[in-house]
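Structure below is final.cif: mmCIF, C-alpha atoms.
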data_target
#
loop_
_atom_site.label_atom_id
_atom_site.label_comp_id
_atom_site.auth_asym_id
_atom_site.auth_seq_id
_atom_site.Cartn_x
_atom_site.Cartn_y
_atom_site.Cartn_z
CA MET A 1 88.04 98.91 95.59
CA THR A 2 89.39 95.65 96.89
CA ARG A 3 87.89 94.26 100.05
CA GLN A 4 89.71 91.79 102.19
CA SER A 5 89.69 92.31 105.90
CA SER A 6 91.10 88.92 106.87
CA PRO A 7 94.33 89.23 108.86
CA ALA A 8 95.70 86.12 107.10
CA LYS A 9 99.05 86.53 105.36
CA PRO A 10 98.51 87.22 101.67
CA ALA A 11 99.79 84.65 99.19
CA GLU A 12 102.90 85.32 97.10
CA ASP A 13 100.88 85.52 93.87
CA ASP A 14 98.53 87.97 95.49
CA LEU A 15 101.45 90.11 96.60
CA LYS A 16 102.96 90.06 93.11
CA GLN A 17 99.67 91.09 91.57
CA PHE A 18 99.28 93.86 94.15
CA SER A 19 102.80 95.09 93.43
CA LEU A 20 102.25 95.02 89.65
CA GLU A 21 99.02 96.97 89.94
CA LEU A 22 100.67 99.56 92.16
CA ARG A 23 103.57 100.01 89.72
CA ARG A 24 101.13 100.44 86.86
CA LYS A 25 98.62 102.78 88.46
CA LYS A 26 100.83 104.53 91.04
CA ARG A 27 97.77 104.49 93.26
CA LEU A 28 97.00 102.59 96.42
CA VAL A 29 93.34 101.93 97.10
CA GLY A 30 91.90 99.31 99.39
CA ASP A 31 90.53 98.36 102.76
CA TYR A 32 92.60 95.62 104.32
CA SER A 33 93.36 95.07 107.98
CA VAL A 34 96.36 97.03 109.23
CA GLN A 35 98.49 93.88 109.45
CA GLU A 36 97.66 92.91 105.91
CA TRP A 37 98.45 96.41 104.65
CA LEU A 38 101.82 96.15 106.33
CA GLU A 39 102.50 92.74 104.80
CA ARG A 40 101.64 94.02 101.35
CA LEU A 41 103.47 97.31 101.58
CA ARG A 42 106.60 95.76 103.07
CA TYR A 43 106.71 93.35 100.14
CA VAL A 44 106.39 96.21 97.66
CA ALA A 45 108.88 98.38 99.57
CA ALA A 46 111.49 95.61 99.69
CA HIS A 47 111.27 95.08 95.93
CA ASP A 48 111.28 98.80 95.25
CA SER A 49 114.33 99.25 97.44
CA THR A 50 116.16 96.50 95.52
CA GLY A 51 115.08 98.11 92.24
CA ASP A 52 116.44 101.47 93.37
CA ARG A 53 119.81 99.92 94.23
CA TRP A 54 120.07 98.26 90.82
CA ARG A 55 118.96 101.45 89.08
CA LYS A 56 121.75 103.33 90.83
CA ARG A 57 124.27 100.71 89.71
CA ALA A 58 122.92 100.78 86.15
CA GLY A 59 123.22 104.58 86.14
CA ILE A 60 126.85 104.44 87.25
CA GLY A 61 127.53 101.72 84.67
CA MET A 62 125.87 103.82 81.99
CA ILE A 63 128.24 106.73 82.68
CA LEU A 64 131.38 104.61 83.03
CA PHE A 65 130.79 102.42 79.97
CA GLY A 66 129.63 105.42 77.91
CA PHE A 67 132.82 107.36 78.54
CA GLY A 68 134.87 104.15 78.40
CA SER A 69 133.59 103.33 74.91
CA LEU A 70 134.49 106.85 73.72
CA PHE A 71 138.01 106.69 75.14
CA ALA A 72 138.46 103.18 73.73
CA LEU A 73 137.95 104.55 70.22
CA ALA A 74 141.57 105.66 70.47
CA ALA A 75 142.66 102.04 71.00
CA PRO A 76 144.16 100.19 67.99
CA THR A 77 141.33 97.63 67.95
CA ALA A 78 137.61 98.43 67.78
CA TYR A 79 136.58 95.37 69.82
CA LEU A 80 137.14 97.01 73.18
CA SER A 81 135.13 100.08 72.21
CA GLY A 82 132.36 97.86 70.80
CA ALA A 83 132.20 95.76 73.95
CA LEU A 84 132.05 98.83 76.17
CA PHE A 85 129.37 100.37 73.97
CA ALA A 86 127.29 97.17 74.22
CA LEU A 87 127.59 97.35 78.01
CA PHE A 88 126.60 101.02 77.87
CA VAL A 89 123.46 100.14 75.89
CA GLY A 90 122.64 97.31 78.31
CA CYS A 91 122.97 99.59 81.34
CA THR A 92 120.87 102.26 79.64
CA VAL A 93 118.07 99.82 78.86
CA LEU A 94 118.19 98.43 82.41
CA PHE A 95 118.21 101.94 83.92
CA PHE A 96 115.15 103.13 82.04
CA HIS A 97 113.30 99.85 82.58
CA LEU A 98 113.86 100.08 86.32
CA LYS A 99 112.88 103.75 86.27
CA SER A 100 109.56 102.91 84.65
CA GLN A 101 108.98 100.29 87.37
CA ASP A 102 109.87 102.61 90.23
CA ILE A 103 107.34 103.37 92.94
CA PRO A 104 107.58 106.88 94.38
CA ASN A 105 109.43 106.98 97.66
CA ARG A 106 106.43 108.36 99.53
CA LEU A 107 105.27 104.80 99.92
CA ARG A 108 108.41 103.87 101.82
CA ASN A 109 109.04 107.08 103.70
CA SER A 110 105.48 108.16 104.52
CA VAL A 111 102.73 105.57 104.16
CA LEU A 112 104.57 102.57 105.55
CA PRO A 113 105.97 104.35 108.65
CA LEU A 114 102.53 105.83 109.38
CA LEU A 115 100.86 102.41 109.29
CA THR A 116 103.65 101.00 111.46
CA LEU A 117 102.88 103.64 114.07
CA LEU A 118 99.14 103.10 113.84
CA GLN A 119 99.26 99.32 113.90
CA GLN A 120 99.00 98.96 117.68
CA ASP A 121 96.23 101.55 118.01
CA ALA A 122 94.11 100.24 115.15
CA ASP A 123 91.58 97.47 115.55
CA ARG A 124 93.41 94.41 114.23
CA LYS A 125 90.36 92.92 112.54
CA ALA A 126 88.67 96.01 111.20
CA PRO A 127 89.49 97.20 107.69
CA LEU A 128 91.71 100.23 107.37
CA VAL A 129 90.80 102.25 104.31
CA LEU A 130 93.57 103.89 102.29
CA ASN A 131 93.51 105.96 99.14
CA VAL A 132 97.01 107.09 98.23
CA ASP A 133 97.87 108.85 95.01
CA LEU A 134 101.58 108.39 94.25
CA SER A 135 101.47 109.71 90.71
CA GLY A 136 103.28 112.93 91.63
CA GLN A 137 102.32 116.53 92.15
CA GLU A 138 103.17 117.94 88.74
CA GLN A 139 100.46 116.09 86.85
CA PRO A 140 98.53 118.24 84.37
CA SER A 141 95.27 117.12 85.99
CA LYS A 142 96.44 118.59 89.30
CA GLN A 143 97.39 121.97 87.88
CA ILE A 144 94.96 124.69 88.87
CA ASP A 145 96.68 127.79 87.61
CA GLN A 146 99.54 128.92 85.38
CA GLN A 147 100.87 132.37 84.65
CA THR A 148 103.93 134.09 83.28
CA LEU A 149 105.18 136.46 85.96
CA SER A 150 107.88 137.95 83.83
CA SER A 151 108.48 137.44 80.14
CA ALA A 152 111.56 139.68 80.14
CA TYR A 153 114.88 138.79 81.74
CA PRO A 154 114.70 136.58 83.76
CA LYS A 155 111.66 134.76 82.43
CA VAL A 156 109.52 133.38 85.25
CA GLU A 157 106.67 130.97 84.77
CA GLN A 158 104.58 130.04 87.73
CA ALA A 159 102.18 127.14 88.12
CA TRP A 160 100.04 125.96 91.00
CA PHE A 161 99.10 122.37 91.75
CA VAL A 162 96.70 120.86 94.26
CA ASP A 163 97.42 117.25 95.17
CA PRO A 164 95.05 115.53 97.61
CA TRP A 165 97.36 112.55 97.80
CA PHE A 166 96.60 110.72 101.03
CA GLN A 167 93.21 109.86 102.51
CA GLY A 168 92.61 107.22 105.10
CA SER A 169 90.29 106.00 107.76
CA ALA A 170 91.01 103.64 110.64
CA ILE A 171 88.81 102.06 113.27
CA LEU A 172 90.77 102.17 116.50
CA ARG A 173 90.79 99.50 119.17
CA ASP A 174 88.36 101.46 121.35
CA GLY A 175 85.82 101.75 118.52
CA SER A 176 86.65 105.36 117.61
CA VAL A 177 87.11 106.20 113.95
CA LEU A 178 90.04 108.35 112.85
CA ARG A 179 89.98 109.87 109.37
CA TRP A 180 92.61 111.97 107.65
CA ASN A 181 92.97 113.79 104.38
CA ILE A 182 96.32 115.24 103.35
CA THR A 183 96.51 117.77 100.53
CA ASP A 184 99.63 119.40 99.14
CA ARG A 185 99.37 122.81 97.53
CA VAL A 186 102.44 123.37 95.39
CA ARG A 187 103.82 126.50 93.77
CA ARG A 188 106.34 125.82 91.02
CA ARG A 189 108.43 128.56 89.46
CA ILE A 190 110.56 127.92 86.39
CA ILE A 191 113.14 130.65 86.04
CA SER A 192 115.08 130.96 82.76
CA LYS A 193 118.21 133.07 82.56
CA LEU A 194 120.88 133.68 79.96
CA ASN A 195 124.37 133.61 81.41
CA ALA A 196 127.33 135.67 80.21
CA ARG A 197 128.30 133.01 77.65
CA GLY A 198 124.85 132.99 76.10
CA LYS A 199 123.73 129.70 77.64
CA THR A 200 120.18 129.36 78.91
CA LYS A 201 120.05 128.27 82.53
CA ILE A 202 116.81 126.97 83.98
CA LYS A 203 116.00 126.75 87.67
CA ARG A 204 112.95 125.11 89.18
CA LYS A 205 111.83 126.24 92.58
CA PHE A 206 109.07 124.80 94.68
CA LYS A 207 107.12 125.78 97.74
CA VAL A 208 104.79 123.24 99.26
CA LYS A 209 102.12 123.81 101.84
CA THR A 210 100.59 120.66 103.27
CA ARG A 211 97.12 120.76 104.75
CA MET A 212 96.18 117.91 107.06
CA ASP A 213 92.52 117.47 107.93
CA PHE A 214 91.63 115.10 110.72
CA SER A 215 88.38 113.92 112.18
CA LEU A 216 87.73 111.68 115.14
CA SER A 217 84.43 110.04 115.87
CA ALA A 218 84.23 108.70 119.45
CA LYS A 219 81.37 107.12 121.37
CA LYS A 220 79.67 109.35 123.94
CA GLY A 221 79.13 106.52 126.38
CA ARG A 222 82.85 106.00 126.55
CA TYR A 223 84.20 109.54 126.31
CA ASP A 224 83.20 112.95 127.48
CA LEU A 225 84.38 116.32 126.26
CA ALA A 226 87.48 117.43 128.16
CA PRO A 227 87.41 120.80 129.94
CA ASN A 228 88.98 123.48 127.73
CA ALA A 229 89.01 121.04 124.84
CA PRO A 230 91.22 122.42 122.05
CA SER A 231 88.83 121.03 119.45
CA GLN A 232 85.07 121.50 119.77
CA PRO A 233 82.54 119.06 118.29
CA THR A 234 81.42 120.09 114.84
CA LYS A 235 78.18 118.15 114.68
CA ALA A 236 75.58 117.23 117.25
CA HIS A 237 75.17 113.47 117.44
CA ASP A 238 73.27 111.58 120.10
CA SER A 239 75.70 108.72 120.25
CA LYS A 240 79.12 110.09 119.37
CA TRP A 241 81.46 113.04 119.49
CA GLN A 242 82.55 114.26 116.09
CA LEU A 243 85.75 116.33 116.31
CA ARG A 244 87.79 117.95 113.58
CA ASN A 245 91.18 119.59 113.34
CA ARG A 246 93.23 121.15 110.56
CA HIS A 247 97.00 121.31 110.65
CA PHE A 248 99.51 122.90 108.25
CA THR A 249 103.14 122.26 107.43
CA GLN A 250 105.32 123.70 104.73
CA GLY A 251 108.34 122.66 102.74
CA ARG A 252 110.37 123.20 99.60
CA VAL A 253 110.58 119.70 98.17
CA PRO A 254 107.93 118.38 95.78
CA ASP A 255 106.58 114.92 96.61
CA GLY A 256 108.39 115.14 99.92
CA GLN A 257 107.87 112.84 102.82
CA LEU A 258 105.03 113.28 105.25
CA GLU A 259 106.06 114.92 108.52
CA LEU A 260 104.89 112.20 110.87
CA GLY A 261 105.47 114.30 113.99
CA GLU A 262 103.21 117.01 112.58
CA PHE A 263 100.66 114.40 111.59
CA PHE A 264 100.47 113.07 115.13
CA ALA A 265 100.51 116.58 116.59
CA GLY A 266 97.39 117.26 114.52
CA VAL A 267 95.71 114.07 115.69
CA SER A 268 96.67 114.66 119.32
CA VAL A 269 94.51 117.80 119.44
CA LEU A 270 91.50 115.57 118.87
CA PHE A 271 92.54 113.05 121.49
CA LYS A 272 93.17 115.78 124.03
CA SER A 273 89.63 117.08 123.55
CA LEU A 274 88.18 113.94 125.07
CA LYS A 275 88.38 112.26 128.43
CA PRO A 276 87.27 108.74 129.28
CA VAL A 277 83.91 108.56 131.08
CA GLU A 278 85.07 105.57 133.06
CA LYS A 279 87.75 102.95 132.83
CA HIS A 280 87.13 100.56 130.00
CA HIS A 281 89.00 97.44 129.19
CA VAL A 282 90.09 97.85 125.61
CA GLY A 283 90.33 94.40 124.12
CA GLN A 284 91.28 93.21 120.70
CA MET B 285 101.61 96.04 138.58
CA SER B 286 101.58 92.40 137.49
CA VAL B 287 100.13 91.55 134.13
CA ASN B 288 98.35 88.33 133.32
CA ASP B 289 98.42 86.80 129.87
CA GLY B 290 94.91 85.38 130.30
CA ASN B 291 96.08 81.83 131.00
CA GLY B 292 97.50 82.39 134.45
CA GLY B 293 101.01 83.10 133.16
CA ALA B 294 102.93 86.34 133.25
CA GLY B 295 101.87 88.70 130.48
CA CYS B 296 104.03 91.21 128.63
CA ALA B 297 104.09 94.46 130.60
CA VAL B 298 105.05 96.70 127.68
CA LYS B 299 102.66 99.54 126.85
CA ALA B 300 101.70 99.17 123.22
CA GLY B 301 100.06 101.83 121.10
CA PHE B 302 100.63 105.48 120.33
CA PHE B 303 97.57 107.33 121.65
CA LEU B 304 95.60 104.40 123.03
CA LEU B 305 98.25 103.01 125.33
CA HIS B 306 97.42 99.54 126.57
CA GLN B 307 99.16 96.60 128.16
CA CYS B 308 100.40 94.15 125.55
CA GLY B 309 99.50 91.17 127.78
CA ALA B 310 100.90 88.52 125.42
CA PRO B 311 102.63 85.55 127.09
CA ALA B 312 106.02 86.65 128.39
CA GLN B 313 109.13 84.99 127.02
CA ALA B 314 111.85 86.99 128.75
CA THR B 315 112.54 89.50 131.49
CA CYS B 316 113.82 92.96 130.66
CA THR B 317 117.38 93.42 131.89
CA ALA B 318 116.71 97.07 132.77
CA CYS B 319 113.24 97.15 134.36
CA GLN B 320 112.85 93.46 135.22
CA ARG B 321 109.36 93.36 133.70
CA PRO B 322 108.12 90.32 131.77
CA VAL B 323 108.30 90.84 128.00
CA CYS B 324 106.85 88.92 125.07
CA GLY B 325 108.91 87.98 122.03
CA THR B 326 107.48 90.80 119.92
CA HIS B 327 108.55 93.48 122.39
CA THR B 328 112.00 92.07 123.16
CA VAL B 329 115.12 93.72 121.78
CA GLN B 330 118.47 91.99 122.09
CA VAL B 331 121.25 94.39 123.05
CA GLU B 332 124.68 92.78 123.34
CA GLY B 333 122.99 89.44 123.98
CA GLN B 334 120.78 90.76 126.78
CA PRO B 335 116.99 91.00 126.45
CA TYR B 336 115.48 94.45 126.91
CA CYS B 337 111.89 95.57 126.50
CA THR B 338 111.27 97.93 123.58
CA GLU B 339 110.35 100.77 125.96
CA CYS B 340 113.62 100.59 127.90
CA ALA B 341 115.66 100.14 124.74
CA ALA B 342 113.95 103.13 123.11
CA SER B 343 114.13 105.42 126.16
CA GLN B 344 117.79 104.58 126.86
CA ASN B 345 118.62 104.92 123.18
CA MET B 346 120.21 101.47 123.06
CA SER B 347 120.08 101.40 119.32
CA SER B 348 121.80 103.78 116.95
CA GLY B 349 118.41 104.93 115.67
CA SER B 350 116.46 107.92 116.88
CA GLY B 351 113.04 107.28 115.42
CA SER B 352 113.67 109.32 112.29
CA HIS B 353 112.43 108.50 108.79
CA ASP B 354 115.94 107.42 107.82
CA ASP B 355 116.02 104.93 110.65
CA TYR B 356 112.75 103.49 109.42
CA SER B 357 114.13 102.98 105.95
CA ARG B 358 116.89 100.86 107.47
CA SER B 359 114.32 98.58 109.15
CA GLN B 360 114.60 95.33 107.27
CA HIS B 361 112.11 93.29 109.29
CA SER B 362 108.77 93.86 110.96
CA SER B 363 110.43 93.55 114.41
CA ASP B 364 112.88 96.33 113.46
CA ALA B 365 109.96 98.45 112.29
CA LEU B 366 108.10 97.87 115.57
CA PHE B 367 111.16 98.92 117.57
CA TRP B 368 111.42 101.99 115.35
CA ALA B 369 107.79 102.78 116.27
CA PHE B 370 108.72 102.74 119.97
CA GLN B 371 111.69 105.00 119.27
CA PHE B 372 109.49 107.37 117.33
CA ARG B 373 106.89 107.39 120.13
CA HIS B 374 109.55 108.20 122.68
CA HIS B 375 110.99 110.93 120.45
CA TYR B 376 107.51 112.31 119.77
CA TYR B 377 106.51 112.61 123.41
CA ASP B 378 109.84 114.24 124.16
CA ASN B 379 109.71 116.79 121.40
CA TYR B 380 106.18 117.38 120.22
CA ASP B 381 103.75 116.79 123.00
CA THR B 382 103.19 117.30 126.68
CA PHE B 383 102.25 114.44 128.91
CA ASP B 384 98.78 115.65 129.74
CA THR B 385 96.61 113.51 127.56
CA PRO B 386 93.74 111.93 129.47
CA TRP B 387 94.20 108.76 127.46
CA LEU B 388 97.17 107.87 129.57
CA SER B 389 95.36 108.33 132.87
CA ASP B 390 94.93 104.59 133.37
CA PHE B 391 98.64 104.22 133.96
CA ASP B 392 100.79 104.84 136.97
CA ASP B 393 103.57 107.34 137.59
CA ASN B 394 106.26 105.00 136.28
CA ASP B 395 104.40 104.69 133.02
CA ALA B 396 104.09 108.45 132.84
CA ALA B 397 107.78 108.91 133.56
CA ALA B 398 108.63 106.98 130.41
CA PHE B 399 107.16 109.85 128.40
CA ALA B 400 108.04 112.76 130.66
CA ASN B 401 109.31 115.73 128.76
CA THR B 402 109.85 119.40 129.04
CA ALA B 403 109.97 120.79 125.54
CA GLY B 404 106.39 120.60 124.36
CA VAL B 405 104.94 122.35 121.36
CA ASP B 406 101.39 123.56 121.62
CA PRO B 407 99.66 122.00 118.63
CA SER B 408 96.74 124.37 119.05
CA ASP B 409 98.90 127.27 117.86
CA ASP B 410 97.28 129.20 115.08
CA ASP B 411 98.99 127.84 112.01
CA GLU B 412 97.11 130.14 109.68
CA ALA B 413 98.74 133.17 111.26
CA THR B 414 102.23 131.96 110.45
CA THR B 415 101.69 130.55 107.00
CA ASP B 416 102.99 133.42 104.93
CA LEU B 417 104.48 130.84 102.65
CA PHE B 418 103.19 132.23 99.41
CA ASP B 419 103.60 135.88 100.19
CA SER B 420 107.19 136.13 99.06
#
Would you mind giving the structure from this file in structure tokens?
Amino acid sequence: MTRQSSPAKPAEDDLKQFSLELRRKKRLVGDYSVQEWLERLRYVAAHDSTGDRWRKRAGIGMILFGFGSLFALAAPTAYLSGALFALFVGCTVLFFHLKSQDIPNRLRNSVLPLLTLLQQDADRKAPLVLNVDLSGQEQPSKQIDQQTLSSAYPKVEQAWFVDPWFQGSAILRDGSVLRWNITDRVRRRIISKLNARGKTKIKRKFKVKTRMDFSLSAKKGRYDLAPNAPSQPTKAHDSKWQLRNRHFTQGRVPDGQLELGEFFAGVSVLFKSLKPVEKHHVGQ
Amino acid sequence: MSVNDGNGGAGCAVKAGFFLLHQCGAPAQATCTACQRPVCGTHTVQVEGQPYCTECAASQNMSSGSGSHDDYSRSQHSSDALFWAFQFRHHYYDNYDTFDTPWLSDFDDNDAAAFANTAGVDPSDDDEATTDLFDS
């Protein structure tokens, strides 16, 4: 794990190295300050966004030049067809190169927005610990079960995956510690059918249930338990309140974006369980 | 309520944070056209050449964004992303939560009004009872 809690802006070489490592491992592990995380992730996100745009263009070029080279075969000279075929090959190589370099969109649509929202609540100098697995939900290592529901028509194969993809911990500006652990439980069904013309048609269907576990550790001298607190302390500590909450969401898209509203709704239960003992000046 | 930046000057009066709302307090560089409060450079949004604080701009929906994920993806700079965070906060307190958190008790009625809402969702609802997701 990398440790660097300085809020200083990371150097360009450092950012490049960080980006390369992320592309290679598809995993984000570290404990930087929230500002430094944002600097790093914005750099990666900007490059990934540019890569996605070029990949889209390369894909369109691949289709156009591919068909173009076929149609040009009818032309009296072979040069045009050859040139279009060379462009088709170039676009194909570029497309697959950019695809191999792609970073899953969860970084841009889930992790980065979450840190942006937390940045003004988090202690600016304290390290914020992240462990994000962006390798995807359908990895063999994440599969926990597989069965054939129906081997006759239509053939249905079902697999289950458990993906604990996002863990984090942040020290907030009042000294409290917020931890979260997000786990996706995915059911995948692959349905094979033969249509009237004898072609095999395959459909993939997903159901995703996301479990969000939160814990908040707050100092007793600063906070008291609120009356009718929705979350009760789980452990008896002399110096702090330890609160936990579990929240569920569901969806139908694998590797979908984190529902930030649901995330904060889950955290808010913990915050609502406490009340300040007295007014404190919360300084940076 | 006047805010001091620590050096005797006017401090930014914008409430920063999501759960731990606090005065920004950074040296003010402008005055919000809507609420007339001093605002620092970070929390200033230019709308048709006029400076607005991020809270007013978010609550009056002065930008085309609504705090959604898609709006975030269009944020090219850190200042855009910060404004998106204010939009999201406003949207969140309008749609997800009720304004009864004790964390906001340090602030006055005007502060509370910025987050006033009617359509709250009780997050303590039993999620387990409704998750018949895999029963089909």
Work out how far apart CA of Phe271 in chain A and CA of Thr249 in chain A are and give it in Å to one decimal.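 Pair CA of Phe271 in chain A / CA of Thr249 in chain A returns 19.9 Å.
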Residues of chain A no more than 6 Å from chain B, counting all atoms listed in the file: send them over as a ChimeraX atom specification. /A:117,120-121,265,272,275
For the residues selected in the previous step, produce a file with C-alpha atoms as a CSV table (one decimal), keeping the file's coordinate frame.
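Written output follows (again10.csv):
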chain,number,residue,atom,x,y,z
A,117,LEU,CA,102.9,103.6,114.1
A,120,GLN,CA,99.0,99.0,117.7
A,121,ASP,CA,96.2,101.6,118.0
A,265,ALA,CA,100.5,116.6,116.6
A,272,LYS,CA,93.2,115.8,124.0
A,275,LYS,CA,88.4,112.3,128.4
Exercise: Gly251 in chain A partners within 10 Å, all atoms listed in the file, chain neighbours under 3 positions left out, as a PyMOL selection string: (chain A and resi 184+186+206-210+254+256-257+259) or (chain B and resi 417)
Could you save those same residues with C-alpha atoms as a PDB file, in the coordinates of the input?
ATOM      1  CA  ASP A 184      99.630 119.400  99.140  1.00  0.00           C
ATOM      2  CA  VAL A 186     102.440 123.370  95.390  1.00  0.00           C
ATOM      3  CA  PHE A 206     109.070 124.800  94.680  1.00  0.00           C
ATOM      4  CA  LYS A 207     107.120 125.780  97.740  1.00  0.00           C
ATOM      5  CA  VAL A 208     104.790 123.240  99.260  1.00  0.00           C
ATOM      6  CA  LYS A 209     102.120 123.810 101.840  1.00  0.00           C
ATOM      7  CA  THR A 210     100.590 120.660 103.270  1.00  0.00           C
ATOM      8  CA  PRO A 254     107.930 118.380  95.780  1.00  0.00           C
ATOM      9  CA  GLY A 256     108.390 115.140  99.920  1.00  0.00           C
ATOM     10  CA  GLN A 257     107.870 112.840 102.820  1.00  0.00           C
ATOM     11  CA  GLU A 259     106.060 114.920 108.520  1.00  0.00           C
TER      12      GLU A 259
ATOM     13  CA  LEU B 417     104.480 130.840 102.650  1.00  0.00           C
TER      14      LEU B 417
END
To one decimal in Å, tell me the separation between CA of Pro227 in chain A and CA of Arg173 in chain A.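 CA of Arg173 in chain A lies 24.1 Å from CA of Pro227 in chain A.
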Convert the output of the PyMOL selection byres ((chain B and resi 329-331) around 12) on the shown file into explicit residues, formatted as a ChimeraX atom specification. /B:313-318,323-328,332-342,344-348,363-368,370
List as number ranges by chain the protein and nucleic acid residues near Val162 in chain A, meaning an atom at most 8 Å away when only C-alpha atoms are counted, but skip any in the same chain fewer than 5 places from it. A: 137, 142-144, 183-186
Generate a file of the selected residues that holds C-alpha atoms, formatted as a PDB file, in the frame of the given file.
ATOM      1  CA  GLN A 137     102.320 116.530  92.150  1.00  0.00           C
ATOM      2  CA  LYS A 142      96.440 118.590  89.300  1.00  0.00           C
ATOM      3  CA  GLN A 143      97.390 121.970  87.880  1.00  0.00           C
ATOM      4  CA  ILE A 144      94.960 124.690  88.870  1.00  0.00           C
ATOM      5  CA  THR A 183      96.510 117.770 100.530  1.00  0.00           C
ATOM      6  CA  ASP A 184      99.630 119.400  99.140  1.00  0.00           C
ATOM      7  CA  ARG A 185      99.370 122.810  97.530  1.00  0.00           C
ATOM      8  CA  VAL A 186     102.440 123.370  95.390  1.00  0.00           C
TER       9      VAL A 186
END
Could you pull the residues within 8 Å of Ala229 in chain A, counting all atoms listed in the file, minus those fewer than 2 positions along the same chain, as a list of chain:residue names? A:Leu225, A:Ala226, A:Pro227, A:Ser231, A:Gln232, A:Lys272, A:Ser273, A:Leu274
Expected file contents, prior selection, C-alpha atoms, as a CSV table (one decimal), keeping the file's coordinate frame:
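Wrote out-v7.csv, looks like this:
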chain,number,residue,atom,x,y,z
A,225,LEU,CA,84.4,116.3,126.3
A,226,ALA,CA,87.5,117.4,128.2
A,227,PRO,CA,87.4,120.8,129.9
A,231,SER,CA,88.8,121.0,119.4
A,232,GLN,CA,85.1,121.5,119.8
A,272,LYS,CA,93.2,115.8,124.0
A,273,SER,CA,89.6,117.1,123.6
A,274,LEU,CA,88.2,113.9,125.1
Enter the distance from CA of Arg106 in chain A to CA of Leu28 in chain A, in Å, rounded to one decimal. 11.5 Å
Return as a PyMOL selection string the set of residues that the PyMOL selection byres ((chain A and resi 83) around 12) yields on the displayed structure. chain A and resi 65-66+68-70+72-73+77-82+84-90
Take the selection from the previous step and output its residues with C-alpha atoms, as an mmCIF file, keeping the file's coordinate frame.
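Done, and the output landed in selection.cif:
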data_model
loop_
_atom_site.group_PDB
_atom_site.id
_atom_site.type_symbol
_atom_site.label_atom_id
_atom_site.label_comp_id
_atom_site.auth_asym_id
_atom_site.auth_seq_id
_atom_site.Cartn_x
_atom_site.Cartn_y
_atom_site.Cartn_z
ATOM 1 C CA PHE A 65 130.790 102.420 79.970
ATOM 2 C CA GLY A 66 129.630 105.420 77.910
ATOM 3 C CA GLY A 68 134.870 104.150 78.400
ATOM 4 C CA SER A 69 133.590 103.330 74.910
ATOM 5 C CA LEU A 70 134.490 106.850 73.720
ATOM 6 C CA ALA A 72 138.460 103.180 73.730
ATOM 7 C CA LEU A 73 137.950 104.550 70.220
ATOM 8 C CA THR A 77 141.330 97.630 67.950
ATOM 9 C CA ALA A 78 137.610 98.430 67.780
ATOM 10 C CA TYR A 79 136.580 95.370 69.820
ATOM 11 C CA LEU A 80 137.140 97.010 73.180
ATOM 12 C CA SER A 81 135.130 100.080 72.210
ATOM 13 C CA GLY A 82 132.360 97.860 70.800
ATOM 14 C CA LEU A 84 132.050 98.830 76.170
ATOM 15 C CA PHE A 85 129.370 100.370 73.970
ATOM 16 C CA ALA A 86 127.290 97.170 74.220
ATOM 17 C CA LEU A 87 127.590 97.350 78.010
ATOM 18 C CA PHE A 88 126.600 101.020 77.870
ATOM 19 C CA VAL A 89 123.460 100.140 75.890
ATOM 20 C CA GLY A 90 122.640 97.310 78.310
#
If the PyMOL selection byres ((chain A and resi 149) around 12) is run on the structure shown, which residues does it catch, given as a count of residues only? 18
Calculate, to one decimal in Å, the centre and edge lengths of the box along x, y and z of the file that holds all listed atoms of range 26-39 of chain A with 6 Å of margin on each side, and present them as JSON.
{"center_x": 96.5, "center_y": 98.6, "center_z": 100.2, "size_x": 24.0, "size_y": 23.8, "size_z": 30.4}
Keeping N, CA, C and O atoms, write range 299-304 of chain B of the structure just shown out as a CSV table (one decimal), in the first residue's frame.
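Result file is out-v8.csv:
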chain,number,residue,atom,x,y,z
B,299,LYS,N,-21.9,27.6,3.4
B,299,LYS,CA,-21.8,26.4,4.3
B,299,LYS,C,-21.2,25.3,3.4
B,299,LYS,O,-21.9,24.8,2.5
B,300,ALA,N,-20.0,24.9,3.8
B,300,ALA,CA,-19.4,23.8,3.1
B,300,ALA,C,-19.7,22.5,3.8
B,300,ALA,O,-20.1,22.5,5.0
B,301,GLY,N,-19.5,21.4,3.1
B,301,GLY,CA,-19.7,20.0,3.7
B,301,GLY,C,-21.0,19.4,3.3
B,301,GLY,O,-21.8,20.1,2.7
B,302,PHE,N,-21.1,18.1,3.6
B,302,PHE,CA,-22.4,17.4,3.3
B,302,PHE,C,-23.1,17.1,4.6
B,302,PHE,O,-24.3,17.4,4.7
B,303,PHE,N,-22.5,16.4,5.5
B,303,PHE,CA,-23.1,16.1,6.8
B,303,PHE,C,-22.6,17.1,7.9
B,303,PHE,O,-23.3,17.5,8.8
B,304,LEU,N,-21.3,17.4,7.8
B,304,LEU,CA,-20.7,18.3,8.8
B,304,LEU,C,-20.7,19.7,8.2
B,304,LEU,O,-19.6,20.2,7.8
